[in-house]
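Structure data (mmCIF, C-alpha atoms and all ligand atoms) from input_28.cif:
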data_protein
#
loop_
_atom_site.label_atom_id
_atom_site.label_comp_id
_atom_site.auth_asym_id
_atom_site.auth_seq_id
_atom_site.Cartn_x
_atom_site.Cartn_y
_atom_site.Cartn_z
CA MET F 1 -4.93 24.00 -4.39
CA ILE F 2 -2.35 21.76 -2.84
CA GLU F 3 -4.02 18.67 -1.68
CA ASN F 4 -2.94 16.54 1.13
CA ARG F 5 -2.89 13.59 -1.16
CA LYS F 6 -1.40 10.22 -0.49
CA LEU F 7 0.68 9.23 -3.49
CA TYR F 8 1.07 5.68 -2.33
CA PRO F 9 -1.48 3.55 -0.58
CA THR F 10 -0.80 3.13 3.07
CA GLY F 11 -3.12 0.17 3.53
CA PRO F 12 -1.82 -3.37 3.51
CA ALA F 13 1.65 -4.13 2.10
CA VAL F 14 2.52 -2.65 -1.30
CA GLN F 15 1.55 -5.07 -4.06
CA ARG F 16 4.37 -6.89 -5.83
CA ALA F 17 3.63 -6.81 -9.54
CA LEU F 18 5.05 -8.98 -12.31
CA ILE F 19 4.75 -7.24 -15.66
CA VAL F 20 3.85 -9.40 -18.66
CA GLY F 21 3.80 -8.30 -22.27
CA VAL F 22 3.93 -9.51 -25.85
CA ASP F 23 6.34 -7.73 -28.16
CA LEU F 24 4.90 -7.88 -31.67
CA GLN F 25 8.14 -6.41 -33.04
CA ASP F 26 6.28 -3.87 -35.13
CA PRO F 27 8.95 -1.44 -36.37
CA ALA F 28 6.32 1.31 -36.49
CA ARG F 29 5.54 0.77 -32.81
CA PRO F 30 8.64 -0.13 -30.84
CA LEU F 31 7.81 -1.68 -27.49
CA SER F 32 10.28 0.02 -25.18
CA PRO F 33 8.77 3.52 -24.79
CA GLU F 34 5.31 2.10 -24.21
CA LEU F 35 6.61 -0.51 -21.79
CA ALA F 36 8.45 2.19 -19.84
CA GLU F 37 5.21 4.14 -19.72
CA PHE F 38 3.37 1.04 -18.49
CA ILE F 39 5.88 0.63 -15.67
CA ALA F 40 5.33 4.28 -14.69
CA LEU F 41 1.60 3.54 -14.58
CA ALA F 42 2.22 0.50 -12.35
CA LYS F 43 4.18 2.66 -9.94
CA ALA F 44 1.63 5.45 -10.01
CA ALA F 45 -1.00 2.88 -9.02
CA GLY F 46 1.15 2.20 -5.97
CA ALA F 47 2.56 -1.21 -6.90
CA SER F 48 6.18 -2.29 -6.74
CA VAL F 49 7.43 -3.86 -9.98
CA VAL F 50 9.35 -7.04 -9.18
CA GLY F 51 9.99 -8.31 -12.70
CA GLU F 52 9.13 -8.27 -16.39
CA VAL F 53 8.41 -11.08 -18.80
CA VAL F 54 8.32 -10.04 -22.45
CA GLN F 55 7.43 -12.64 -25.04
CA ARG F 56 8.31 -11.98 -28.69
CA LEU F 57 5.62 -13.23 -31.03
CA PRO F 58 4.50 -12.43 -34.59
CA HIS F 59 0.94 -12.06 -33.25
CA VAL F 60 -0.72 -12.55 -29.88
CA ASP F 61 -1.98 -16.00 -29.01
CA PRO F 62 -5.79 -15.91 -29.34
CA ALA F 63 -6.29 -18.30 -26.42
CA THR F 64 -3.75 -17.18 -23.82
CA LEU F 65 -2.12 -14.03 -25.24
CA VAL F 66 1.41 -15.31 -24.55
CA GLY F 67 1.07 -19.00 -25.49
CA SER F 68 0.28 -21.73 -23.00
CA GLY F 69 3.90 -22.79 -22.41
CA LYS F 70 4.85 -19.19 -21.66
CA ALA F 71 1.86 -18.85 -19.36
CA ARG F 72 3.14 -21.74 -17.24
CA GLU F 73 6.59 -20.15 -17.19
CA ILE F 74 5.03 -16.89 -15.98
CA ALA F 75 3.27 -18.76 -13.17
CA GLU F 76 6.65 -20.19 -12.10
CA ARG F 77 8.39 -16.87 -12.30
CA ALA F 78 5.65 -15.17 -10.31
CA LYS F 79 6.10 -17.74 -7.59
CA GLU F 80 9.88 -17.26 -7.48
CA LEU F 81 9.51 -13.51 -7.27
CA ARG F 82 6.70 -13.73 -4.72
CA ALA F 83 4.54 -11.58 -6.97
CA ASP F 84 0.97 -11.09 -5.89
CA VAL F 85 -0.47 -9.55 -9.02
CA ILE F 86 0.15 -9.77 -12.79
CA PHE F 87 0.00 -6.57 -14.85
CA VAL F 88 -0.59 -7.36 -18.52
CA PHE F 89 0.63 -4.79 -21.00
CA ASN F 90 -1.38 -5.86 -24.08
CA ASP F 91 -5.15 -5.69 -24.43
CA LEU F 92 -6.76 -8.80 -23.02
CA ARG F 93 -9.89 -10.42 -24.43
CA PRO F 94 -12.20 -12.02 -21.87
CA ARG F 95 -11.29 -15.50 -23.14
CA GLN F 96 -7.55 -14.85 -22.84
CA ARG F 97 -8.07 -13.56 -19.34
CA THR F 98 -10.05 -16.63 -18.29
CA ASN F 99 -7.46 -18.99 -19.76
CA LEU F 100 -4.54 -17.16 -18.17
CA GLU F 101 -6.32 -17.22 -14.83
CA LYS F 102 -6.51 -21.00 -15.07
CA VAL F 103 -2.71 -21.25 -15.31
CA ILE F 104 -1.61 -18.32 -13.15
CA PRO F 105 -3.14 -18.30 -9.68
CA LEU F 106 -2.93 -14.52 -9.28
CA PRO F 107 -5.15 -11.55 -10.03
CA ILE F 108 -4.65 -10.32 -13.58
CA VAL F 109 -4.84 -6.59 -14.17
CA ASP F 110 -4.73 -5.10 -17.67
CA ARG F 111 -3.68 -1.62 -18.76
CA THR F 112 -7.20 -0.22 -18.68
CA MET F 113 -7.79 -1.50 -15.14
CA LEU F 114 -4.47 -0.01 -14.11
CA ILE F 115 -5.32 3.43 -15.51
CA LEU F 116 -8.80 3.26 -14.00
CA ASP F 117 -7.24 2.39 -10.66
CA ILE F 118 -4.96 5.44 -10.73
CA PHE F 119 -7.95 7.58 -11.64
CA ALA F 120 -9.90 6.04 -8.76
CA GLN F 121 -7.12 6.98 -6.36
CA HIS F 122 -6.65 10.52 -7.68
CA ALA F 123 -10.17 11.79 -8.40
CA ARG F 124 -11.11 14.40 -5.83
CA SER F 125 -14.16 16.22 -7.12
CA ARG F 126 -17.57 14.62 -6.82
CA GLU F 127 -17.93 14.63 -10.59
CA GLY F 128 -14.52 13.05 -11.09
CA GLN F 129 -15.30 10.28 -8.64
CA LEU F 130 -18.66 9.52 -10.21
CA GLN F 131 -17.07 9.45 -13.67
CA VAL F 132 -14.36 7.05 -12.60
CA GLU F 133 -16.63 4.66 -10.78
CA LEU F 134 -18.96 4.56 -13.76
CA ALA F 135 -16.02 3.81 -16.07
CA GLN F 136 -14.79 1.04 -13.78
CA LEU F 137 -18.19 -0.64 -13.59
CA ARG F 138 -18.73 -0.42 -17.34
CA TYR F 139 -15.33 -1.91 -18.00
CA ARG F 140 -16.03 -4.79 -15.67
CA GLN F 141 -19.40 -5.38 -17.27
CA SER F 142 -18.05 -5.47 -20.79
CA ASN F 143 -15.08 -7.65 -19.88
CA LEU F 144 -17.01 -10.00 -17.62
CA ILE F 145 -14.64 -9.28 -14.78
CA GLY F 146 -16.00 -10.23 -11.44
CA ALA F 147 -18.89 -12.23 -12.84
CA GLY F 148 -17.58 -15.43 -11.31
CA ALA F 149 -15.99 -16.41 -8.05
CA ASP F 150 -12.57 -15.32 -9.29
CA LEU F 151 -12.92 -11.80 -8.07
CA SER F 152 -12.63 -12.83 -4.46
CA ARG F 153 -8.97 -13.45 -5.22
CA LEU F 154 -8.52 -9.85 -6.20
CA GLY F 155 -8.43 -9.13 -2.48
CA GLY F 156 -7.95 -5.39 -2.19
CA GLY F 157 -5.29 -4.03 -4.51
CA VAL F 158 -5.12 -2.59 -8.01
CA GLY F 159 -8.28 -3.40 -9.92
CA THR F 160 -10.56 -3.59 -6.90
CA ARG F 161 -10.46 -0.04 -5.62
CA GLY F 162 -13.22 2.41 -6.30
CA PRO F 163 -12.81 6.16 -5.91
CA GLY F 164 -12.54 7.31 -2.32
CA GLU F 165 -11.82 3.72 -1.30
CA THR F 166 -15.35 2.56 -2.02
CA LYS F 167 -15.46 -1.13 -2.64
CA LEU F 168 -16.29 -1.98 -6.22
CA GLU F 169 -19.50 -3.89 -6.59
CA VAL F 170 -19.12 -7.45 -7.89
CA ASP F 171 -22.71 -8.61 -8.08
CA ARG F 172 -24.06 -8.19 -11.59
CA ARG F 173 -27.52 -7.02 -10.60
CA LYS F 174 -26.15 -4.60 -8.05
CA ILE F 175 -23.70 -3.25 -10.64
CA GLN F 176 -26.62 -2.45 -12.91
CA GLN F 177 -28.43 -0.63 -10.10
CA ARG F 178 -25.28 1.25 -9.19
CA VAL F 179 -24.67 2.30 -12.82
CA SER F 180 -28.17 3.81 -13.02
CA LEU F 181 -27.68 5.61 -9.73
CA LEU F 182 -24.29 7.01 -10.80
CA LYS F 183 -25.71 8.25 -14.11
CA GLY F 184 -28.45 10.11 -12.27
CA SER F 185 -25.99 11.72 -9.85
CA LEU F 186 -23.68 12.72 -12.70
CA ASP F 187 -26.54 14.46 -14.51
CA ASP F 188 -27.23 16.46 -11.36
CA VAL F 189 -23.60 17.45 -10.89
CA ARG F 190 -23.31 18.47 -14.54
CA ARG F 191 -26.39 20.65 -14.39
CA GLN F 192 -24.91 22.42 -11.36
CA ARG F 193 -21.65 22.95 -13.23
CA GLU F 194 -23.43 24.48 -16.25
CA THR F 195 -25.15 26.94 -13.94
CA ARG F 196 -21.80 27.91 -12.44
CA ARG F 197 -20.17 28.31 -15.81
CA GLY F 198 -22.70 30.92 -16.86
CA GLY F 199 -21.29 33.32 -14.31
CA ARG F 200 -17.60 32.98 -14.95
CA GLY F 201 -16.98 36.35 -16.54
CA ARG F 202 -15.75 37.35 -19.94
CA ASP F 203 -12.01 36.92 -19.91
CA PRO F 204 -10.93 34.71 -22.82
CA PHE F 205 -10.79 31.01 -22.01
CA VAL F 206 -7.44 29.30 -22.66
CA ALA F 207 -6.90 25.59 -22.01
CA LEU F 208 -3.75 23.54 -21.56
CA VAL F 209 -3.86 20.14 -23.23
CA GLY F 210 -1.21 17.48 -23.68
CA TYR F 211 0.11 14.10 -22.77
CA THR F 212 0.27 13.15 -19.12
CA ASN F 213 3.31 14.35 -17.13
CA VAL F 214 4.47 16.96 -19.69
CA GLY F 215 4.17 19.80 -17.17
CA LYS F 216 0.70 21.27 -17.77
CA SER F 217 0.00 21.94 -14.10
CA SER F 218 3.50 23.40 -13.65
CA LEU F 219 2.84 25.74 -16.55
CA LEU F 220 -0.54 26.70 -15.14
CA ASN F 221 1.16 27.60 -11.86
CA ARG F 222 3.85 29.56 -13.67
CA LEU F 223 1.41 31.51 -15.86
CA ALA F 224 -1.04 32.16 -13.04
CA GLY F 225 1.78 33.12 -10.69
CA SER F 226 0.36 30.67 -8.17
CA SER F 227 1.97 30.72 -4.78
CA ALA F 228 2.35 27.64 -2.63
CA GLY F 229 -1.10 28.08 -1.12
CA ASP F 230 -3.13 27.91 -4.30
CA ALA F 231 -0.76 26.02 -6.61
CA ALA F 232 -2.13 23.18 -8.71
CA PHE F 233 -0.80 19.75 -7.74
CA VAL F 234 2.42 18.79 -9.56
CA ALA F 235 4.10 15.38 -9.41
CA ASP F 236 6.45 13.28 -11.50
CA GLN F 237 3.91 10.58 -12.23
CA PRO F 238 1.15 10.00 -14.77
CA PHE F 239 -2.31 11.38 -14.01
CA ALA F 240 -1.44 13.64 -11.12
CA THR F 241 -4.24 15.93 -12.29
CA LEU F 242 -7.75 14.61 -12.78
CA ASP F 243 -10.03 17.38 -11.80
CA PRO F 244 -10.19 20.40 -14.07
CA THR F 245 -8.59 23.45 -12.47
CA LEU F 246 -9.23 27.03 -13.50
CA ARG F 247 -7.00 30.03 -12.72
CA ARG F 248 -6.90 33.64 -13.75
CA ALA F 249 -3.68 34.57 -15.50
CA TYR F 250 -2.25 37.84 -16.75
CA VAL F 251 -0.97 37.78 -20.34
CA ALA F 252 -0.70 41.44 -21.38
CA PRO F 253 -1.78 44.90 -20.19
CA ASN F 254 -5.59 44.83 -19.99
CA LEU F 255 -5.67 41.19 -20.95
CA ASN F 256 -6.26 38.43 -18.44
CA VAL F 257 -7.36 34.95 -19.34
CA ARG F 258 -9.16 32.12 -17.61
CA LEU F 259 -6.63 29.32 -17.82
CA ALA F 260 -7.74 25.70 -17.52
CA ASP F 261 -5.64 22.68 -16.67
CA THR F 262 -7.02 19.35 -17.87
CA VAL F 263 -6.55 15.66 -17.37
CA GLY F 264 -3.50 14.41 -19.27
CA PHE F 265 -3.83 12.16 -22.28
CA ILE F 266 -2.22 8.80 -22.93
CA THR F 267 -1.95 6.48 -25.93
CA ALA F 268 -5.07 4.37 -26.25
CA LEU F 269 -6.87 6.17 -23.44
CA PRO F 270 -9.46 3.54 -22.47
CA LYS F 271 -12.73 4.30 -24.23
CA GLU F 272 -14.63 3.91 -20.96
CA LEU F 273 -12.56 6.80 -19.66
CA VAL F 274 -12.95 9.00 -22.72
CA ASN F 275 -16.69 8.48 -22.40
CA ALA F 276 -16.64 9.13 -18.69
CA PHE F 277 -14.65 12.34 -19.11
CA ARG F 278 -16.36 13.45 -22.31
CA ALA F 279 -18.43 16.11 -20.60
CA THR F 280 -15.34 17.55 -18.92
CA LEU F 281 -13.28 17.39 -22.12
CA GLU F 282 -16.09 18.87 -24.18
CA GLU F 283 -15.77 21.98 -22.06
CA LEU F 284 -12.64 22.53 -24.10
CA ASP F 285 -15.02 23.35 -26.91
CA ALA F 286 -15.67 26.65 -25.15
CA ALA F 287 -11.94 27.50 -25.29
CA ASP F 288 -10.83 30.50 -27.33
CA LEU F 289 -7.33 29.05 -27.56
CA LEU F 290 -5.73 25.68 -26.85
CA LEU F 291 -2.10 25.35 -25.78
CA TYR F 292 -0.71 22.00 -26.87
CA ILE F 293 2.06 21.16 -24.42
CA SER F 294 4.78 18.60 -25.20
CA ASP F 295 7.68 17.45 -23.07
CA ALA F 296 10.68 18.34 -25.24
CA SER F 297 13.01 16.40 -22.94
CA ASN F 298 11.22 13.12 -23.63
CA PRO F 299 12.58 11.47 -26.80
CA ASP F 300 9.16 9.91 -27.16
CA TRP F 301 7.42 13.29 -27.59
CA PRO F 302 6.44 12.78 -31.26
CA ARG F 303 4.41 9.66 -30.40
CA GLN F 304 2.86 11.44 -27.42
CA ARG F 305 1.95 14.48 -29.49
CA ALA F 306 0.37 12.22 -32.14
CA SER F 307 -1.76 10.48 -29.48
CA VAL F 308 -3.02 13.82 -28.25
CA GLU F 309 -3.91 14.74 -31.82
CA THR F 310 -5.88 11.50 -32.24
CA ILE F 311 -7.91 12.05 -29.08
CA MET F 312 -8.58 15.71 -29.93
CA ARG F 313 -9.77 14.66 -33.37
CA GLU F 314 -12.12 12.11 -31.83
CA LEU F 315 -13.50 14.83 -29.58
CA LYS F 316 -13.82 17.09 -32.66
CA LEU F 317 -11.59 19.68 -31.01
CA ASP F 318 -8.73 19.55 -33.48
CA GLN F 319 -9.85 22.61 -35.46
CA LYS F 320 -9.67 25.08 -32.61
CA PRO F 321 -7.10 27.89 -32.59
CA SER F 322 -3.96 26.60 -30.93
CA LEU F 323 -0.32 27.19 -30.06
CA GLU F 324 2.38 24.54 -30.00
CA VAL F 325 4.46 24.69 -26.81
CA PHE F 326 7.54 22.64 -25.91
CA ASN F 327 8.17 22.50 -22.18
CA LYS F 328 11.15 21.37 -20.05
CA ILE F 329 13.71 22.93 -22.39
CA ASP F 330 15.97 23.47 -19.38
CA ARG F 331 16.82 19.79 -19.83
CA LEU F 332 17.96 20.16 -23.44
CA ASP F 333 21.39 21.01 -24.79
CA ALA F 334 21.80 23.42 -27.69
CA ALA F 335 21.79 20.66 -30.32
CA ALA F 336 18.59 19.10 -29.00
CA ARG F 337 16.93 22.51 -28.94
CA ALA F 338 17.92 23.22 -32.49
CA ALA F 339 16.29 19.95 -33.52
CA LEU F 340 12.83 20.97 -32.21
CA PRO F 341 10.28 21.90 -34.89
CA ALA F 342 10.55 25.51 -36.04
CA GLY F 343 7.75 27.87 -35.12
CA ALA F 344 6.89 26.22 -31.80
CA LEU F 345 7.29 28.04 -28.50
CA GLU F 346 9.98 26.76 -26.17
CA VAL F 347 9.53 27.17 -22.45
CA SER F 348 10.60 25.95 -19.06
CA ALA F 349 7.77 25.99 -16.56
CA ALA F 350 10.30 25.05 -13.92
CA GLN F 351 12.78 27.86 -14.56
CA GLY F 352 10.69 30.50 -16.29
CA GLU F 353 12.51 30.63 -19.59
CA GLY F 354 10.31 31.51 -22.57
CA ILE F 355 7.29 32.42 -20.43
CA GLU F 356 7.25 36.08 -21.52
CA ALA F 357 7.30 35.01 -25.18
CA LEU F 358 4.48 32.57 -24.44
CA ARG F 359 2.38 35.33 -22.85
CA ALA F 360 3.01 37.54 -25.86
CA ALA F 361 2.05 34.76 -28.27
CA ILE F 362 -1.17 34.07 -26.35
CA ALA F 363 -2.07 37.77 -26.40
CA GLU F 364 -1.34 38.03 -30.11
CA ARG F 365 -3.48 35.01 -30.99
CA LEU F 366 -6.36 36.19 -28.83
CA ARG F 367 -6.31 39.66 -30.35
CA ALA F 368 -6.10 38.35 -33.91
N1 LIG F 401 13.03 19.97 -15.70
C1 LIG F 401 11.75 20.36 -15.76
N2 LIG F 401 10.79 19.64 -15.14
C2 LIG F 401 9.51 20.06 -15.26
C3 LIG F 401 9.15 21.23 -15.98
N3 LIG F 401 7.81 21.37 -15.92
C4 LIG F 401 7.36 20.34 -15.16
N4 LIG F 401 8.36 19.55 -14.75
C5 LIG F 401 8.26 18.33 -13.93
O1 LIG F 401 7.52 17.36 -14.65
C6 LIG F 401 6.71 16.58 -13.78
C7 LIG F 401 5.25 16.64 -14.21
O2 LIG F 401 4.77 17.95 -14.04
P1 LIG F 401 3.20 18.27 -13.91
O3 LIG F 401 3.06 19.76 -13.96
O4 LIG F 401 2.60 17.54 -12.77
O5 LIG F 401 2.72 17.63 -15.29
P2 LIG F 401 1.22 17.45 -15.85
O6 LIG F 401 1.29 17.60 -17.32
O7 LIG F 401 0.29 18.37 -15.13
O8 LIG F 401 0.96 15.94 -15.46
P3 LIG F 401 -0.44 15.15 -15.20
O9 LIG F 401 -1.37 16.04 -14.46
O10 LIG F 401 0.02 13.98 -14.39
O11 LIG F 401 -0.95 14.76 -16.55
C8 LIG F 401 6.94 17.14 -12.38
O12 LIG F 401 7.95 16.36 -11.76
C9 LIG F 401 7.46 18.55 -12.66
O13 LIG F 401 8.28 19.04 -11.62
C10 LIG F 401 10.21 21.98 -16.62
O14 LIG F 401 10.01 22.99 -17.27
N5 LIG F 401 11.47 21.49 -16.48
MG MG F 402 -1.26 17.96 -13.96
#
In structure tokens, write the structure found in this file.
Ligand SMILES: Nc1nc2c(ncn2[C@@H]2O[C@H](COP(=O)(O)OP(=O)(O)OP(=O)(O)O)[C@@H](O)[C@H]2O)c(=O)[nH]1
Ligand SMILES: [Mg+2]
Amino acid sequence: MIENRKLYPTGPAVQRALIVGVDLQDPARPLSPELAEFIALAKAAGASVVGEVVQRLPHVDPATLVGSGKAREIAERAKELRADVIFVFNDLRPRQRTNLEKVIPLPIVDRTMLILDIFAQHARSREGQLQVELAQLRYRQSNLIGAGADLSRLGGGVGTRGPGETKLEVDRRKIQQRVSLLKGSLDDVRRQRETRRGGRGRDPFVALVGYTNVGKSSLLNRLAGSSAGDAAFVADQPFATLDPTLRRAYVAPNLNVRLADTVGFITALPKELVNAFRATLEELDAADLLLYISDASNPDWPRQRASVETIMRELKLDQKPSLEVFNKIDRLDAAARAALPAGALEVSAAQGEGIEALRAAIAERLRA
């Protein structure tokens, strides 16, 4: 279904974000791909990135993350750039947050809040919205965000939005009441979903999994032959898809499958979100076959694929029958293609290359 979705908030002026990060110079974890990903998240949340401050340190400062001198410098820089929010790349402990807030007179949003905010803006189904709001409230509770007067400064941008533009609760007692209410509603919605699932028919169940933005929804549309009217939403941004989508797809004579699109994964997916989406992700347990999709045109694909593996292992879904699929091969030259791992399927959801071979491979695995 194509949704009439606003990709960018139309409310008050777009927020001007200053990005702050500590580079620990770990050779096993170079900063640049993850920082680029963080910037894509900032944009997907609807902010405009006005600058970056990266501090190189052997380890993060326990009191202020970046060091107190650097914190003052960031405050200056933010003023020069007329930033109205700080997006912090590294994980922030409550104490570091409080100390930074004393020096920098701007709202401070960490990676988890950023991801939660994108989810809040994109969730469409009732279940998705309940899951996201619950995750947001739990994160605030455990990080003591909004316990004090500081939250009033968060005004109305990233970090303050609930799904469907509901205002996030700041009062501790009310948060607790809201959490109980949300849990009850989620149980209801899940029971309804179970009932529905019982009647879905017997075609094998195949699910697309993979890092965010690799082209899962595009592949779903390609395999299901979706036309404009019923196509799943595709966009060049992280977390375009939040709500599980199911389509019927032909793979071979007398063999159709139920094909499921899922929420994309990301490195260090916030645990509040994994928990919130657990029920949805656990549906993957019912899959007869998983298609692991990677973006072959992204030089960072090995790290992305490894993150997906980690999350699937945590969900105890890593032992299910699967196929390895590299997408976006239309962007690769012959040398880059030759360098892809042998034995994986190579496709282009955009141009159709390799799709027949993928159908055949799905049919073969399902019949085996
Ligand atoms: N060149 C090229 N671009 C592609 C291909 N498949 C998808 N894309 C583009 O990649 C971007 C992401 O595609 P989606 O299908 O939304 O990816 P996704 O994995 O569903 O992403 P999320 O739902 O956000 O996790 C879009 O801009 C697509 O047009 C492909 O085969 N080749
Ligand atoms: Mg998608």
Inset, instruction - Go ahead and find all residues with at least one atom no further than 10 Å from (-4.6, 36.4, -27.0) in the file's coordinates, using all atoms listed in the file; report them as a ChimeraX atom specification. - result: /F:204-206,251-252,255-257,288-289,359-368
Residue subset to file, keeping C-alpha atoms, as a CSV table (one decimal), in the frame of the given file:
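As a result, again.csv now contains:
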chain,number,residue,atom,x,y,z
F,204,PRO,CA,-10.9,34.7,-22.8
F,205,PHE,CA,-10.8,31.0,-22.0
F,206,VAL,CA,-7.4,29.3,-22.7
F,251,VAL,CA,-1.0,37.8,-20.3
F,252,ALA,CA,-0.7,41.4,-21.4
F,255,LEU,CA,-5.7,41.2,-21.0
F,256,ASN,CA,-6.3,38.4,-18.4
F,257,VAL,CA,-7.4,35.0,-19.3
F,288,ASP,CA,-10.8,30.5,-27.3
F,289,LEU,CA,-7.3,29.0,-27.6
F,359,ARG,CA,2.4,35.3,-22.8
F,360,ALA,CA,3.0,37.5,-25.9
F,361,ALA,CA,2.0,34.8,-28.3
F,362,ILE,CA,-1.2,34.1,-26.4
F,363,ALA,CA,-2.1,37.8,-26.4
F,364,GLU,CA,-1.3,38.0,-30.1
F,365,ARG,CA,-3.5,35.0,-31.0
F,366,LEU,CA,-6.4,36.2,-28.8
F,367,ARG,CA,-6.3,39.7,-30.4
F,368,ALA,CA,-6.1,38.4,-33.9
Inset, instruction - Residues up to 7 Å from ligand LIG 401 (chain F), counting all atoms listed in the file: could you list those as number ranges by chain? - result: F: 210-219, 233-242, 263-265, 327-331, 347-351
Inset, instruction - To one decimal in Å, tell me the separation between atom CA of Arg303 of chain F and atom CA of Ile355 of chain F. - result: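 About the pair atom CA of Arg303 of chain F and atom CA of Ile355 of chain F: they are 25.0 Å apart.
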Name the residues in contact with segment 76-90 of chain F at a cut-off of 6 Å, using only C-alpha atoms, excluding same-chain residues fewer than 3 positions from it; report them as a PDB file with C-alpha atoms, in the coordinates of the input.
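Written out: part-v4.pdb:
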ATOM      1  CA  ARG F  16       4.370  -6.890  -5.830  1.00  0.00           C
ATOM      2  CA  ALA F  17       3.630  -6.810  -9.540  1.00  0.00           C
ATOM      3  CA  LEU F  18       5.050  -8.980 -12.310  1.00  0.00           C
ATOM      4  CA  ILE F  19       4.750  -7.240 -15.660  1.00  0.00           C
ATOM      5  CA  VAL F  20       3.850  -9.400 -18.660  1.00  0.00           C
ATOM      6  CA  GLY F  21       3.800  -8.300 -22.270  1.00  0.00           C
ATOM      7  CA  GLU F  73       6.590 -20.150 -17.190  1.00  0.00           C
ATOM      8  CA  LEU F 106      -2.930 -14.520  -9.280  1.00  0.00           C
ATOM      9  CA  PRO F 107      -5.150 -11.550 -10.030  1.00  0.00           C
ATOM     10  CA  ILE F 108      -4.650 -10.320 -13.580  1.00  0.00           C
ATOM     11  CA  VAL F 109      -4.840  -6.590 -14.170  1.00  0.00           C
ATOM     12  CA  ASP F 110      -4.730  -5.100 -17.670  1.00  0.00           C
ATOM     13  CA  ARG F 111      -3.680  -1.620 -18.760  1.00  0.00           C
TER      14      ARG F 111
END
Inset, instruction - Compile the contact shell of Arg247 of chain F as a list of chain:residue names: residues with an atom at most 10 Å away, counting all atoms listed in the file, same-chain residues fewer than 5 positions apart removed. - result: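 Selected residues are F:Val206, F:Leu220, F:Asn221, F:Leu223, F:Ala224, F:Gly225, F:Ser226, F:Asp230, F:Ala231, F:Ala232, F:Val257, F:Arg258, F:Leu259, F:Ala260, F:Asp261.
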Inset, instruction - Can you pull out every residue within 6 Å of segment 135-140 of chain F, counting all atoms listed in the file, but drop anything in the same chain fewer than 5 positions away, and send it as a list in words? - result: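 Final neighbour list, sorted by chain and number: Ile145, Glu272, Leu273 and Ala276 of chain F.
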File dump, residues just selected, C-alpha atoms, as a tab-separated table (two decimals), in the coordinates of the input:
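Full text of out22.tsv as output:
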chain	number	residue	atom	x	y	z
F	145	ILE	CA	-14.64	-9.28	-14.78
F	272	GLU	CA	-14.63	3.91	-20.96
F	273	LEU	CA	-12.56	6.80	-19.66
F	276	ALA	CA	-16.64	9.13	-18.69
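Nearest residue to Leu269 of chain F among F:Gln121, F:Thr112, F:Ser227, F:Gln131 is F:Thr112, counting only C-alpha atoms.
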